[in-house]
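Asks: Structure file final-v3.txt (compact mmCIF, C-alpha atoms) is given on the next line.
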# COMPACT_ATOMS: atom_id res chain seq x y z
CA MET A 12 7.37 -2.15 -2.52
CA GLN A 13 10.19 -1.48 -4.97
CA LEU A 14 10.81 2.09 -6.15
CA ARG A 15 13.24 3.25 -8.81
CA GLN A 16 16.59 4.77 -7.92
CA MET A 17 17.02 8.54 -7.98
CA ARG A 18 20.12 10.61 -8.69
CA PHE A 19 19.86 13.21 -5.93
CA ALA A 20 17.50 11.63 -3.41
CA ARG A 21 17.37 8.36 -1.53
CA ILE A 22 14.48 6.71 0.28
CA ASP A 23 15.49 4.52 3.25
CA GLY A 24 12.37 2.95 4.71
CA THR A 25 10.20 6.02 5.01
CA GLU A 26 13.05 8.51 5.38
CA VAL A 27 13.81 10.69 2.35
CA LEU A 28 17.36 12.04 2.04
CA VAL A 29 18.46 14.61 -0.55
CA GLU A 30 22.04 15.58 -1.33
CA VAL A 31 22.68 18.49 -3.71
CA LYS A 32 25.72 20.70 -4.23
CA SER A 33 24.46 23.41 -6.54
CA GLU A 34 21.35 25.31 -7.51
CA ALA A 35 21.01 23.34 -10.75
CA GLU A 36 21.17 20.07 -8.85
CA ALA A 37 18.55 21.37 -6.41
CA LYS A 38 16.18 22.18 -9.27
CA ALA A 39 16.75 18.74 -10.77
CA ALA A 40 16.20 17.15 -7.36
CA ILE A 41 12.88 18.99 -6.99
CA LYS A 42 11.74 17.65 -10.36
CA GLU A 43 12.91 14.19 -9.41
CA LEU A 44 11.06 14.34 -6.07
CA ARG A 45 7.85 15.55 -7.71
CA HIS A 46 8.04 12.62 -10.12
CA LYS A 47 8.68 10.22 -7.23
CA LYS A 48 5.72 11.72 -5.37
CA LYS A 49 3.46 10.84 -8.32
CA GLU A 50 4.92 7.34 -8.45
CA VAL A 51 4.28 6.77 -4.73
CA ALA A 52 0.76 8.20 -5.04
CA LEU A 53 -0.01 5.67 -7.79
CA LEU A 54 1.34 2.92 -5.57
CA LYS A 55 -0.85 4.18 -2.72
CA ARG A 56 -3.95 4.05 -4.92
CA ARG A 57 -3.09 0.50 -5.99
CA ILE A 58 -2.69 -0.57 -2.35
CA GLY A 59 -5.98 1.16 -1.46
CA LYS A 60 -7.80 -0.83 -4.15
CA GLN A 61 -6.14 -3.99 -2.86
CA GLU A 62 -7.43 -3.19 0.63
CA VAL A 63 -11.00 -2.77 -0.66
CA ARG A 64 -10.80 -6.12 -2.48
CA ALA A 65 -9.41 -7.79 0.65
CA ARG A 66 -12.21 -6.41 2.82
CA ARG A 67 -14.81 -7.65 0.33
CA THR A 68 -13.21 -11.10 0.23
CA ILE A 69 -13.22 -11.37 4.02
CA GLN A 70 -16.81 -10.14 4.25
CA ARG A 71 -17.94 -12.68 1.66
CA ALA A 72 -16.16 -15.49 3.52
CA GLU A 73 -17.79 -14.44 6.80
CA ASP A 74 -21.23 -14.27 5.16
CA ALA A 75 -20.76 -17.71 3.59
CA ALA A 76 -19.70 -19.16 6.95
CA ALA A 77 -22.76 -17.64 8.63
CA ARG A 78 -25.07 -19.05 5.93
CA GLU A 79 -23.45 -22.47 6.27
CA ALA A 80 -23.82 -22.40 10.07
CA ARG A 81 -27.57 -21.73 9.77
CA ARG A 82 -28.23 -24.70 7.50
CA ARG A 83 -29.59 -27.81 9.16
CA GLY A 84 -30.13 -31.38 8.14
CA LEU A 85 -28.19 -34.39 6.99
CA PHE A 86 -26.84 -32.92 3.76
CA ALA A 87 -25.67 -29.73 5.50
CA THR A 88 -23.85 -31.83 8.09
CA LEU A 89 -22.20 -33.94 5.40
CA ARG A 90 -21.16 -30.79 3.52
CA ARG A 91 -19.60 -29.32 6.68
CA VAL A 92 -17.71 -32.54 7.37
CA SER A 93 -16.40 -32.78 3.81
CA ARG A 94 -15.28 -29.13 3.84
CA ALA A 95 -13.41 -29.67 7.10
CA PHE A 96 -10.91 -31.82 5.20
CA THR A 97 -10.48 -29.59 2.14
CA LYS A 98 -7.74 -27.03 1.81
CA LYS A 99 -9.02 -23.50 2.34
CA ASP A 100 -7.62 -20.42 0.66
CA ALA A 101 -5.85 -18.04 3.01
CA LEU A 102 -7.68 -14.79 3.59
CA PRO A 103 -5.79 -11.58 2.80
CA ASP A 104 -3.93 -9.81 5.62
CA ILE A 105 -5.64 -6.44 6.03
CA ASP A 106 -3.20 -5.34 8.75
CA ALA A 107 -0.24 -5.73 6.37
CA ILE A 108 -2.09 -3.79 3.69
CA ARG A 109 -2.91 -1.05 6.22
CA ARG A 110 0.78 -0.87 7.24
CA ASP A 111 1.77 -0.46 3.58
CA LEU A 112 -0.75 2.38 3.22
CA GLU A 113 0.63 4.11 6.32
CA LYS A 114 4.17 3.69 4.99
CA THR A 115 3.26 5.28 1.65
CA ASP A 116 1.54 8.16 3.49
CA GLU A 117 4.70 8.79 5.50
CA ILE A 118 6.90 8.63 2.38
CA LEU A 119 4.63 11.12 0.60
CA HIS A 120 4.81 13.46 3.59
CA ASN A 121 8.62 13.23 3.72
CA ILE A 122 8.94 13.83 -0.03
CA GLU A 123 6.76 16.94 0.26
CA SER A 124 8.89 18.11 3.19
CA CYS A 125 12.08 17.73 1.14
CA ILE A 126 10.56 19.64 -1.78
CA ILE A 127 9.58 22.50 0.53
CA GLN A 128 13.07 22.60 2.08
CA LEU A 129 14.77 22.67 -1.32
CA GLU A 130 12.47 25.41 -2.59
CA GLY A 131 13.17 27.41 0.57
CA ARG A 132 16.93 27.16 -0.03
CA LEU A 133 16.51 28.25 -3.65
CA LEU A 134 14.48 31.30 -2.63
CA GLY A 135 16.83 32.31 0.20
Can the structure in the file be given as structure tokens, please?

Replies:
Amino acid sequence: MQLRQMRFARIDGTEVLVEVKSEAEAKAAIKELRHKKKEVALLKRRIGKQEVRARRTIQRAEDAAAREARRRGLFATLRRVSRAFTKKDALPDIDAIRRDLEKTDEILHNIESCIIQLEGRLLG
């Protein structure tokens, strides 16, 4: 996950750090953070769609394996033997996708927290 650089804020892992020295910089940082929030939300949606596709792929593979296991006879046995020596495509890693989703959720939460803190300083 590669995000663009920001002038006033920095994202380290899931931690969001903002450094401003004036009110004008704080307003610009808020705009920057809101834009970054939209960018991360788009990334989250993309990862969510990827998770759905991965789940479908795994379900289809499991269904195909179950259908193949139920088949009987000489040709089914020969098919199973021939497929034992073919290279199989690796199934997607749903746990890694889930971790990416959790990471984007945490980044979104931290961005929102920074926006609220900056707005509070501007009001006070």

Asks: My list of candidates is A:Ala95, A:Leu119, A:Ile108, A:Val31. Which is closest to His46 (chain A) when distances are computed with only C-alpha atoms?

Replies: A:Leu119

Asks: Report, as AutoDock Vina command-line options, the axis-aligned box around all atoms of region 23-31 of chain A present in the file, extended by 5 Å on each side; give centre and edge lengths in Å to one decimal place.

Replies:
--center_x 16.4 --center_y 10.7 --center_z 0.8 --size_x 22.5 --size_y 25.5 --size_z 19.1

Asks: Which value, in Å to one decimal, gives the distance between CA of Gly135 (chain A) and CA of Val51 (chain A)?

Replies: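 Between these atoms lies a distance of 28.9 Å.
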
Asks: Please report the interatomic distance between CA of Arg132 (chain A) and CA of Arg15 (chain A) in Å with one decimal.

Replies: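 Interatomic distance here is 25.7 Å.
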
Asks: Which polymer residues have any atom within 7 Å of an atom of region 36-44 of chain A, counting all atoms listed in the file, with same-chain residues fewer than 6 positions away left out, as a short mmCIF file (atom, residue, chain, number, x, y, z; two decimals) with C-alpha atoms, in the frame of the given file?

Replies:
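Heads up, here's the output in selection-v2.cif:
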data_model
loop_
_atom_site.label_atom_id
_atom_site.label_comp_id
_atom_site.auth_asym_id
_atom_site.auth_seq_id
_atom_site.Cartn_x
_atom_site.Cartn_y
_atom_site.Cartn_z
CA PHE A 19 19.86 13.21 -5.93
CA ALA A 20 17.50 11.63 -3.41
CA ILE A 122 8.94 13.83 -0.03
CA ILE A 126 10.56 19.64 -1.78
CA LEU A 129 14.77 22.67 -1.32
#

Asks: Quick one: everything within 12 Å of region 64-77 of chain A, counting only C-alpha atoms, minus sequence neighbours fewer than 4 positions away in the same chain. Send it as a PyMOL selection string.

Replies: chain A and resi 57-60+81-82+91+94+99-109

Asks: To one decimal in Å, tell me the separation between CA of Lys114 (chain A) and CA of Glu50 (chain A).

Replies: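 Rounded to one decimal, the two atoms are 13.9 Å apart.
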
Asks: For Glu123 (chain A), list every protein, DNA or RNA residue within 9 Å, evaluated using all atoms listed in the file, and leave out those in the same chain fewer than 5 positions away; present the list as a list in words.

Replies: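 In the requested format, the answer is Leu44, Arg45, Lys48, Ile118 and Gln128 of chain A.
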
Asks: Of the candidates A:Cys125, A:Ala87, A:Leu134, A:Ala52, which shows the shortest atom-to-atom distance to Val27 (chain A), using all atoms listed in the file?

Replies: A:Cys125

Asks: Could you pull the residues within 12 Å of Thr25 (chain A), counting only C-alpha atoms, minus those fewer than 2 positions along the same chain, as an NGL selection string?

Replies: :A and (12 or 14 or 21-23 or 27-28 or 51 or 110-122)

Asks: Once N, CA, C and O atoms are restored for region 101-119 of chain A, what would the output be as a PDB file, in the coordinates of the input?

Replies:
ATOM      1  N   ALA A 101      -6.175 -18.981   1.942  1.00  0.00           N
ATOM      2  CA  ALA A 101      -5.850 -18.040   3.010  1.00  0.00           C
ATOM      3  C   ALA A 101      -6.505 -16.696   2.721  1.00  0.00           C
ATOM      4  O   ALA A 101      -6.502 -16.224   1.580  1.00  0.00           O
ATOM      5  N   LEU A 102      -7.071 -16.105   3.746  1.00  0.00           N
ATOM      6  CA  LEU A 102      -7.680 -14.790   3.590  1.00  0.00           C
ATOM      7  C   LEU A 102      -6.582 -13.729   3.572  1.00  0.00           C
ATOM      8  O   LEU A 102      -5.535 -13.891   4.193  1.00  0.00           O
ATOM      9  N   PRO A 103      -6.809 -12.630   2.865  1.00  0.00           N
ATOM     10  CA  PRO A 103      -5.790 -11.580   2.800  1.00  0.00           C
ATOM     11  C   PRO A 103      -5.547 -10.938   4.165  1.00  0.00           C
ATOM     12  O   PRO A 103      -6.437 -10.899   5.013  1.00  0.00           O
ATOM     13  N   ASP A 104      -4.330 -10.447   4.358  1.00  0.00           N
ATOM     14  CA  ASP A 104      -3.930  -9.810   5.620  1.00  0.00           C
ATOM     15  C   ASP A 104      -4.180  -8.310   5.533  1.00  0.00           C
ATOM     16  O   ASP A 104      -3.371  -7.571   4.952  1.00  0.00           O
ATOM     17  N   ILE A 105      -5.279  -7.863   6.108  1.00  0.00           N
ATOM     18  CA  ILE A 105      -5.640  -6.440   6.030  1.00  0.00           C
ATOM     19  C   ILE A 105      -4.664  -5.587   6.839  1.00  0.00           C
ATOM     20  O   ILE A 105      -4.370  -4.457   6.455  1.00  0.00           O
ATOM     21  N   ASP A 106      -4.143  -6.119   7.937  1.00  0.00           N
ATOM     22  CA  ASP A 106      -3.200  -5.340   8.750  1.00  0.00           C
ATOM     23  C   ASP A 106      -1.927  -5.025   7.966  1.00  0.00           C
ATOM     24  O   ASP A 106      -1.402  -3.909   8.045  1.00  0.00           O
ATOM     25  N   ALA A 107      -1.434  -5.973   7.185  1.00  0.00           N
ATOM     26  CA  ALA A 107      -0.240  -5.730   6.370  1.00  0.00           C
ATOM     27  C   ALA A 107      -0.529  -4.683   5.293  1.00  0.00           C
ATOM     28  O   ALA A 107       0.308  -3.812   5.025  1.00  0.00           O
ATOM     29  N   ILE A 108      -1.705  -4.772   4.705  1.00  0.00           N
ATOM     30  CA  ILE A 108      -2.090  -3.790   3.690  1.00  0.00           C
ATOM     31  C   ILE A 108      -2.198  -2.406   4.321  1.00  0.00           C
ATOM     32  O   ILE A 108      -1.732  -1.408   3.756  1.00  0.00           O
ATOM     33  N   ARG A 109      -2.778  -2.325   5.500  1.00  0.00           N
ATOM     34  CA  ARG A 109      -2.910  -1.050   6.220  1.00  0.00           C
ATOM     35  C   ARG A 109      -1.528  -0.481   6.540  1.00  0.00           C
ATOM     36  O   ARG A 109      -1.303   0.712   6.414  1.00  0.00           O
ATOM     37  N   ARG A 110      -0.584  -1.343   6.950  1.00  0.00           N
ATOM     38  CA  ARG A 110       0.780  -0.870   7.240  1.00  0.00           C
ATOM     39  C   ARG A 110       1.440  -0.305   5.980  1.00  0.00           C
ATOM     40  O   ARG A 110       2.141   0.716   6.039  1.00  0.00           O
ATOM     41  N   ASP A 111       1.222  -0.962   4.838  1.00  0.00           N
ATOM     42  CA  ASP A 111       1.770  -0.460   3.580  1.00  0.00           C
ATOM     43  C   ASP A 111       1.184   0.909   3.230  1.00  0.00           C
ATOM     44  O   ASP A 111       1.898   1.797   2.753  1.00  0.00           O
ATOM     45  N   LEU A 112      -0.120   1.077   3.475  1.00  0.00           N
ATOM     46  CA  LEU A 112      -0.750   2.380   3.220  1.00  0.00           C
ATOM     47  C   LEU A 112      -0.158   3.463   4.121  1.00  0.00           C
ATOM     48  O   LEU A 112       0.116   4.577   3.663  1.00  0.00           O
ATOM     49  N   GLU A 113       0.037   3.142   5.390  1.00  0.00           N
ATOM     50  CA  GLU A 113       0.630   4.110   6.320  1.00  0.00           C
ATOM     51  C   GLU A 113       2.058   4.456   5.909  1.00  0.00           C
ATOM     52  O   GLU A 113       2.482   5.614   6.004  1.00  0.00           O
ATOM     53  N   LYS A 114       2.792   3.465   5.434  1.00  0.00           N
ATOM     54  CA  LYS A 114       4.170   3.690   4.990  1.00  0.00           C
ATOM     55  C   LYS A 114       4.196   4.625   3.777  1.00  0.00           C
ATOM     56  O   LYS A 114       5.007   5.549   3.719  1.00  0.00           O
ATOM     57  N   THR A 115       3.297   4.405   2.822  1.00  0.00           N
ATOM     58  CA  THR A 115       3.260   5.280   1.650  1.00  0.00           C
ATOM     59  C   THR A 115       2.843   6.696   2.036  1.00  0.00           C
ATOM     60  O   THR A 115       3.366   7.664   1.479  1.00  0.00           O
ATOM     61  N   ASP A 116       1.923   6.833   3.008  1.00  0.00           N
ATOM     62  CA  ASP A 116       1.540   8.160   3.490  1.00  0.00           C
ATOM     63  C   ASP A 116       2.746   8.895   4.079  1.00  0.00           C
ATOM     64  O   ASP A 116       2.966  10.086   3.818  1.00  0.00           O
ATOM     65  N   GLU A 117       3.527   8.170   4.870  1.00  0.00           N
ATOM     66  CA  GLU A 117       4.700   8.790   5.500  1.00  0.00           C
ATOM     67  C   GLU A 117       5.755   9.165   4.449  1.00  0.00           C
ATOM     68  O   GLU A 117       6.375  10.229   4.538  1.00  0.00           O
ATOM     69  N   ILE A 118       5.947   8.307   3.456  1.00  0.00           N
ATOM     70  CA  ILE A 118       6.900   8.630   2.380  1.00  0.00           C
ATOM     71  C   ILE A 118       6.448   9.864   1.628  1.00  0.00           C
ATOM     72  O   ILE A 118       7.256  10.763   1.336  1.00  0.00           O
ATOM     73  N   LEU A 119       5.154   9.943   1.303  1.00  0.00           N
ATOM     74  CA  LEU A 119       4.630  11.120   0.600  1.00  0.00           C
ATOM     75  C   LEU A 119       4.849  12.392   1.425  1.00  0.00           C
ATOM     76  O   LEU A 119       5.235  13.436   0.880  1.00  0.00           O
TER      77      LEU A 119
END
